[in-house]
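Engineer: Supplied in structure tokens, the structure appears directly below.
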Amino acid sequence: MSALSSPGPRRPSSKAHLTLLVVTLAALLLLSAPAQAGRRDHRPPVFAGLKSATTCIPGPIGGGSSSSYHLAWDPAKDNVTPSAKIVYEIYQATKPGGEDFSTPTYTTAPGVTSFDTPQLPSDRSFYFVVRARDRAGNEDSNTIEREGQNLCV
């Protein structure tokens, strides 16, 4: 070979070839992702609200005794978040309509459809509203309130 002739086209190294392959596959995955994945979720879950709030306080109700309330609801549905990933914000008040919706009293683990409150004084009435929140932070705005009911009187 003379000094003026060229050795021919260069083949990419195996490392460069692998990098090109990874970049191509990543681009294909991004282009083939569902359209919904790139869209922000702005819709709150569809939720029917709290179904029941019950306790059992046997005998005379007086100062010094306490009881836990069992709250129950059907699962919410959402256009993006699976029901198993929806959390529930629980608002508690001591008078009808007294819930402060800016701060939940309790928050559940994802996917649960019931909650037991900590011990609450048995000589007071309690009112509850439960709202569903999806993974994007959208919360439904239901105001379905249930007064705690003592099933043992």
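Starting from 1 in every chain, residues are counted up; chains themselves are A, B, ... following the order of the structure tokens, and ligands are numbered from 1 as listed.
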DSSP on the backbone: which residues in stretch 88-127 of chain A end up as strand (DSSP E)? Give the answer as a VMD selection string.
Structural biologist: chain A and resid 88 to 93 106 to 107 114 to 116 120 to 121 127
Engineer: Mind dumping the selected residues with all heavy atoms as a short mmCIF file (atom, residue, chain, number, x, y, z; two decimals), in the first residue's frame?
Structural biologist:
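The resulting file, again_27.cif, is reproduced below:
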```
data_model
loop_
_atom_site.label_atom_id
_atom_site.label_comp_id
_atom_site.auth_asym_id
_atom_site.auth_seq_id
_atom_site.Cartn_x
_atom_site.Cartn_y
_atom_site.Cartn_z
N TYR A 88 -56.62 7.69 51.17
CA TYR A 88 -57.84 8.35 51.63
C TYR A 88 -57.50 9.31 52.76
O TYR A 88 -56.79 8.96 53.70
CB TYR A 88 -58.87 7.31 52.07
CG TYR A 88 -59.28 6.43 50.91
CD1 TYR A 88 -58.57 5.26 50.62
CD2 TYR A 88 -60.31 6.80 50.06
CE1 TYR A 88 -58.90 4.48 49.52
CE2 TYR A 88 -60.65 6.02 48.96
CZ TYR A 88 -59.94 4.87 48.71
OH TYR A 88 -60.27 4.10 47.60
N GLU A 89 -58.00 10.53 52.62
CA GLU A 89 -57.82 11.57 53.62
C GLU A 89 -59.08 11.59 54.48
O GLU A 89 -60.20 11.66 53.95
CB GLU A 89 -57.64 12.94 52.96
CG GLU A 89 -56.53 13.00 51.91
CD GLU A 89 -55.14 13.07 52.50
OE1 GLU A 89 -55.02 13.14 53.73
OE2 GLU A 89 -54.17 13.07 51.73
N ILE A 90 -58.92 11.50 55.80
CA ILE A 90 -60.05 11.45 56.72
C ILE A 90 -60.08 12.74 57.51
O ILE A 90 -59.09 13.17 58.10
CB ILE A 90 -59.93 10.24 57.66
CG1 ILE A 90 -59.92 8.95 56.82
CG2 ILE A 90 -61.05 10.23 58.70
CD1 ILE A 90 -59.47 7.73 57.57
N TYR A 91 -61.26 13.37 57.50
CA TYR A 91 -61.46 14.64 58.21
C TYR A 91 -62.45 14.38 59.34
O TYR A 91 -63.50 13.78 59.14
CB TYR A 91 -62.00 15.70 57.24
CG TYR A 91 -61.06 15.94 56.08
CD1 TYR A 91 -61.16 15.19 54.91
CD2 TYR A 91 -60.05 16.89 56.18
CE1 TYR A 91 -60.28 15.39 53.86
CE2 TYR A 91 -59.17 17.10 55.13
CZ TYR A 91 -59.29 16.35 53.98
OH TYR A 91 -58.40 16.55 52.93
N GLN A 92 -62.10 14.82 60.54
CA GLN A 92 -62.89 14.57 61.74
C GLN A 92 -63.30 15.90 62.35
O GLN A 92 -62.52 16.85 62.36
CB GLN A 92 -62.03 13.77 62.71
CG GLN A 92 -62.66 13.50 64.05
CD GLN A 92 -61.65 12.76 64.93
OE1 GLN A 92 -61.16 11.70 64.58
NE2 GLN A 92 -61.35 13.34 66.09
N ALA A 93 -64.53 15.94 62.85
CA ALA A 93 -65.02 17.16 63.50
C ALA A 93 -65.89 16.78 64.69
O ALA A 93 -66.33 15.63 64.82
CB ALA A 93 -65.82 18.00 62.51
N TYR A 106 -56.48 12.29 59.52
CA TYR A 106 -55.76 11.04 59.31
C TYR A 106 -55.58 10.81 57.82
O TYR A 106 -56.39 11.28 57.02
CB TYR A 106 -56.54 9.84 59.89
CG TYR A 106 -57.12 10.06 61.26
CD1 TYR A 106 -58.49 10.28 61.43
CD2 TYR A 106 -56.32 10.03 62.40
CE1 TYR A 106 -59.04 10.48 62.70
CE2 TYR A 106 -56.86 10.22 63.66
CZ TYR A 106 -58.22 10.45 63.80
OH TYR A 106 -58.76 10.65 65.05
N THR A 107 -54.56 10.05 57.45
CA THR A 107 -54.35 9.62 56.07
C THR A 107 -54.08 8.13 56.08
O THR A 107 -53.27 7.65 56.88
CB THR A 107 -53.15 10.37 55.43
OG1 THR A 107 -53.41 11.78 55.47
CG2 THR A 107 -52.93 9.95 53.99
N SER A 114 -60.98 0.86 54.77
CA SER A 114 -61.50 1.07 56.11
C SER A 114 -60.38 1.64 56.97
O SER A 114 -59.21 1.56 56.62
CB SER A 114 -62.04 -0.22 56.72
OG SER A 114 -61.01 -1.15 56.93
N PHE A 115 -60.80 2.21 58.10
CA PHE A 115 -59.83 2.83 59.01
C PHE A 115 -60.41 2.83 60.41
O PHE A 115 -61.60 3.09 60.59
CB PHE A 115 -59.56 4.27 58.57
CG PHE A 115 -58.59 5.01 59.45
CD1 PHE A 115 -57.22 4.83 59.32
CD2 PHE A 115 -59.05 5.91 60.41
CE1 PHE A 115 -56.32 5.51 60.13
CE2 PHE A 115 -58.16 6.60 61.23
CZ PHE A 115 -56.80 6.40 61.08
N ASP A 116 -59.59 2.52 61.40
CA ASP A 116 -60.00 2.60 62.80
C ASP A 116 -59.30 3.80 63.43
O ASP A 116 -58.07 3.88 63.42
CB ASP A 116 -59.63 1.32 63.55
CG ASP A 116 -60.46 0.13 63.07
OD1 ASP A 116 -61.66 0.31 62.81
OD2 ASP A 116 -59.89 -0.96 62.92
N LEU A 120 -61.14 7.79 71.05
CA LEU A 120 -61.75 9.12 71.15
C LEU A 120 -62.68 9.15 72.35
O LEU A 120 -63.28 8.12 72.69
CB LEU A 120 -62.52 9.45 69.87
CG LEU A 120 -61.68 9.48 68.58
CD1 LEU A 120 -62.58 9.60 67.36
CD2 LEU A 120 -60.68 10.61 68.63
N PRO A 121 -62.86 10.29 72.99
CA PRO A 121 -63.75 10.37 74.16
C PRO A 121 -65.17 9.91 73.81
O PRO A 121 -65.73 10.30 72.78
CB PRO A 121 -63.74 11.85 74.52
CG PRO A 121 -62.53 12.42 73.86
CD PRO A 121 -62.26 11.59 72.65
N TYR A 127 -67.93 13.49 63.83
CA TYR A 127 -68.40 13.50 62.45
C TYR A 127 -67.19 13.30 61.54
O TYR A 127 -66.10 13.81 61.82
CB TYR A 127 -69.10 14.83 62.13
CG TYR A 127 -70.28 15.07 63.03
CD1 TYR A 127 -70.11 15.62 64.31
CD2 TYR A 127 -71.56 14.72 62.64
CE1 TYR A 127 -71.18 15.81 65.17
CE2 TYR A 127 -72.65 14.91 63.48
CZ TYR A 127 -72.45 15.46 64.75
OH TYR A 127 -73.52 15.65 65.58
#
```
Engineer: Which residues come within 10 Å of stretch 77-80 of chain A, counting only C-alpha atoms, excluding same-chain residues fewer than 4 positions away, as a PDB file with C-alpha atoms, in the first residue's frame?
Structural biologist:
```
ATOM      1  CA  GLN A  36     -51.462   8.882  28.576  1.00  0.00           C
ATOM      2  CA  ALA A  37     -48.069   8.422  30.221  1.00  0.00           C
ATOM      3  CA  ARG A  40     -50.409  15.067  33.415  1.00  0.00           C
ATOM      4  CA  ASP A  41     -53.258  13.728  35.531  1.00  0.00           C
ATOM      5  CA  HIS A  42     -55.587  16.570  36.471  1.00  0.00           C
ATOM      6  CA  ARG A  43     -58.726  14.555  37.220  1.00  0.00           C
ATOM      7  CA  PRO A  44     -59.592  13.560  40.815  1.00  0.00           C
ATOM      8  CA  PRO A  45     -60.734  10.035  41.620  1.00  0.00           C
ATOM      9  CA  VAL A  46     -64.422   9.145  41.441  1.00  0.00           C
ATOM     10  CA  PHE A  47     -65.449   8.327  44.999  1.00  0.00           C
ATOM     11  CA  ALA A  48     -68.831   7.788  46.681  1.00  0.00           C
ATOM     12  CA  ALA A  84     -54.754  -0.148  45.088  1.00  0.00           C
ATOM     13  CA  LYS A  85     -52.617   3.019  44.994  1.00  0.00           C
ATOM     14  CA  ILE A  86     -55.289   5.561  46.029  1.00  0.00           C
ATOM     15  CA  ALA A 132     -59.898   9.933  47.882  1.00  0.00           C
ATOM     16  CA  ARG A 133     -56.512  11.210  46.622  1.00  0.00           C
ATOM     17  CA  ASP A 134     -54.679   9.800  43.582  1.00  0.00           C
ATOM     18  CA  ARG A 135     -50.904   9.585  43.085  1.00  0.00           C
ATOM     19  CA  ALA A 136     -50.879  12.926  41.221  1.00  0.00           C
ATOM     20  CA  ASN A 138     -55.842  15.147  42.961  1.00  0.00           C
TER      21      ASN A 138
END
```
Engineer: Please, what distance in Å, to one decimal, runs between atom CA of A:Leu151 and atom CA of A:His70?
Structural biologist: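 So the two atoms, atom CA of A:Leu151 and atom CA of A:His70, lie 11.1 Å apart.
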Engineer: Quick check, in Å to one decimal: how far apart do atom CA of A:Pro60 and atom CA of A:Glu147 lie?
Structural biologist: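 That distance, rounded to one decimal, is 19.4 Å.
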Engineer: List the neighbours of A:Ile57 out to 9 Å using only C-alpha atoms; skip same-chain residues closer than 2 positions along the sequence, and give me the result as a PyMOL selection string.
Structural biologist: chain A and resi 55+59-61+65-67+122+150-153
Engineer: Restricted to all heavy atoms, what would the selected residues look like written as a short mmCIF file (atom, residue, chain, number, x, y, z; two decimals), in the first residue's frame?
Structural biologist:
```cif
data_model
loop_
_atom_site.label_atom_id
_atom_site.label_comp_id
_atom_site.auth_asym_id
_atom_site.auth_seq_id
_atom_site.Cartn_x
_atom_site.Cartn_y
_atom_site.Cartn_z
N THR A 55 -69.02 2.54 66.20
CA THR A 55 -68.26 2.17 67.38
C THR A 55 -69.16 1.29 68.25
O THR A 55 -70.35 1.13 67.95
CB THR A 55 -67.77 3.41 68.16
OG1 THR A 55 -66.85 3.00 69.16
CG2 THR A 55 -68.93 4.17 68.80
N GLY A 59 -72.84 -0.17 77.88
CA GLY A 59 -73.12 0.39 79.21
C GLY A 59 -73.26 1.89 79.18
O GLY A 59 -73.33 2.51 78.13
N PRO A 60 -73.28 2.49 80.36
CA PRO A 60 -73.46 3.94 80.43
C PRO A 60 -72.25 4.67 79.84
O PRO A 60 -71.11 4.26 80.02
CB PRO A 60 -73.59 4.24 81.92
CG PRO A 60 -73.29 2.98 82.64
CD PRO A 60 -73.20 1.87 81.66
N ILE A 61 -72.55 5.72 79.10
CA ILE A 61 -71.49 6.52 78.48
C ILE A 61 -71.22 7.70 79.39
O ILE A 61 -72.11 8.45 79.75
CB ILE A 61 -71.93 7.02 77.09
CG1 ILE A 61 -72.18 5.82 76.17
CG2 ILE A 61 -70.89 7.94 76.49
CD1 ILE A 61 -72.81 6.18 74.86
N SER A 65 -64.26 7.53 79.59
CA SER A 65 -64.19 6.36 78.72
C SER A 65 -63.94 6.82 77.28
O SER A 65 -64.23 7.95 76.91
CB SER A 65 -65.47 5.53 78.81
OG SER A 65 -66.57 6.27 78.37
N SER A 66 -63.40 5.91 76.49
CA SER A 66 -63.10 6.24 75.11
C SER A 66 -63.36 5.04 74.23
O SER A 66 -63.50 3.90 74.71
CB SER A 66 -61.65 6.70 74.97
OG SER A 66 -60.77 5.66 75.33
N SER A 67 -63.41 5.28 72.92
CA SER A 67 -63.66 4.21 71.97
C SER A 67 -63.09 4.60 70.62
O SER A 67 -62.96 5.79 70.30
CB SER A 67 -65.17 3.97 71.86
OG SER A 67 -65.43 2.93 70.96
N SER A 122 -65.74 9.07 74.66
CA SER A 122 -67.07 8.52 74.38
C SER A 122 -68.20 9.47 74.74
O SER A 122 -69.35 9.24 74.36
CB SER A 122 -67.25 7.19 75.11
OG SER A 122 -67.15 7.38 76.51
N ASN A 150 -73.02 4.65 67.70
CA ASN A 150 -72.73 3.63 68.70
C ASN A 150 -73.71 2.47 68.48
O ASN A 150 -74.91 2.61 68.72
CB ASN A 150 -72.88 4.20 70.11
CG ASN A 150 -72.51 3.19 71.18
OD1 ASN A 150 -72.16 2.06 70.89
ND2 ASN A 150 -72.59 3.61 72.42
N LEU A 151 -73.20 1.34 68.03
CA LEU A 151 -74.06 0.19 67.74
C LEU A 151 -74.43 -0.62 68.98
O LEU A 151 -75.22 -1.55 68.89
CB LEU A 151 -73.36 -0.73 66.73
CG LEU A 151 -73.00 -0.09 65.39
CD1 LEU A 151 -72.28 -1.11 64.50
CD2 LEU A 151 -74.24 0.46 64.69
N CYS A 152 -73.89 -0.26 70.13
CA CYS A 152 -74.10 -1.07 71.33
C CYS A 152 -75.02 -0.40 72.35
O CYS A 152 -75.00 -0.77 73.53
CB CYS A 152 -72.75 -1.39 71.97
SG CYS A 152 -71.74 -2.44 70.92
N VAL A 153 -75.84 0.53 71.95
CA VAL A 153 -76.82 1.12 72.88
C VAL A 153 -78.22 0.83 72.42
O VAL A 153 -78.50 0.56 71.32
CB VAL A 153 -76.65 2.65 73.06
CG1 VAL A 153 -75.46 2.94 73.94
CG2 VAL A 153 -76.58 3.37 71.76
#
```
Engineer: Find the residues near A:Pro96: any atom within 10 Å, counting only C-alpha atoms, skip ones fewer than 6 places away on the same chain, and give them as a CSV table (one decimal) with C-alpha atoms, in the first residue's frame.
Structural biologist:
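File written: out19.csv
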```csv
chain,number,residue,atom,x,y,z
A,125,SER,CA,-70.1,13.2,69.1
A,126,PHE,CA,-67.8,12.8,66.1
A,127,TYR,CA,-68.4,13.5,62.4
A,128,PHE,CA,-66.3,12.2,59.6
A,145,GLU,CA,-70.5,13.3,56.3
A,146,ARG,CA,-71.3,10.5,58.7
A,147,GLU,CA,-71.9,10.9,62.4
```
Engineer: Please measure the separation of atom CA of A:Arg124 and atom CA of A:Gly97, giving the value in Å to one decimal.
Structural biologist: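 Value for the atom CA of A:Arg124-atom CA of A:Gly97 distance: 15.4 Å.
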Engineer: Restricting the calculation to only C-alpha atoms, which member of A:Gly64, A:Lys51, A:Cys56, A:Pro104 is positioned closest to A:Glu139?
Structural biologist: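 Closest residue, counting only C-alpha atoms: A:Pro104.
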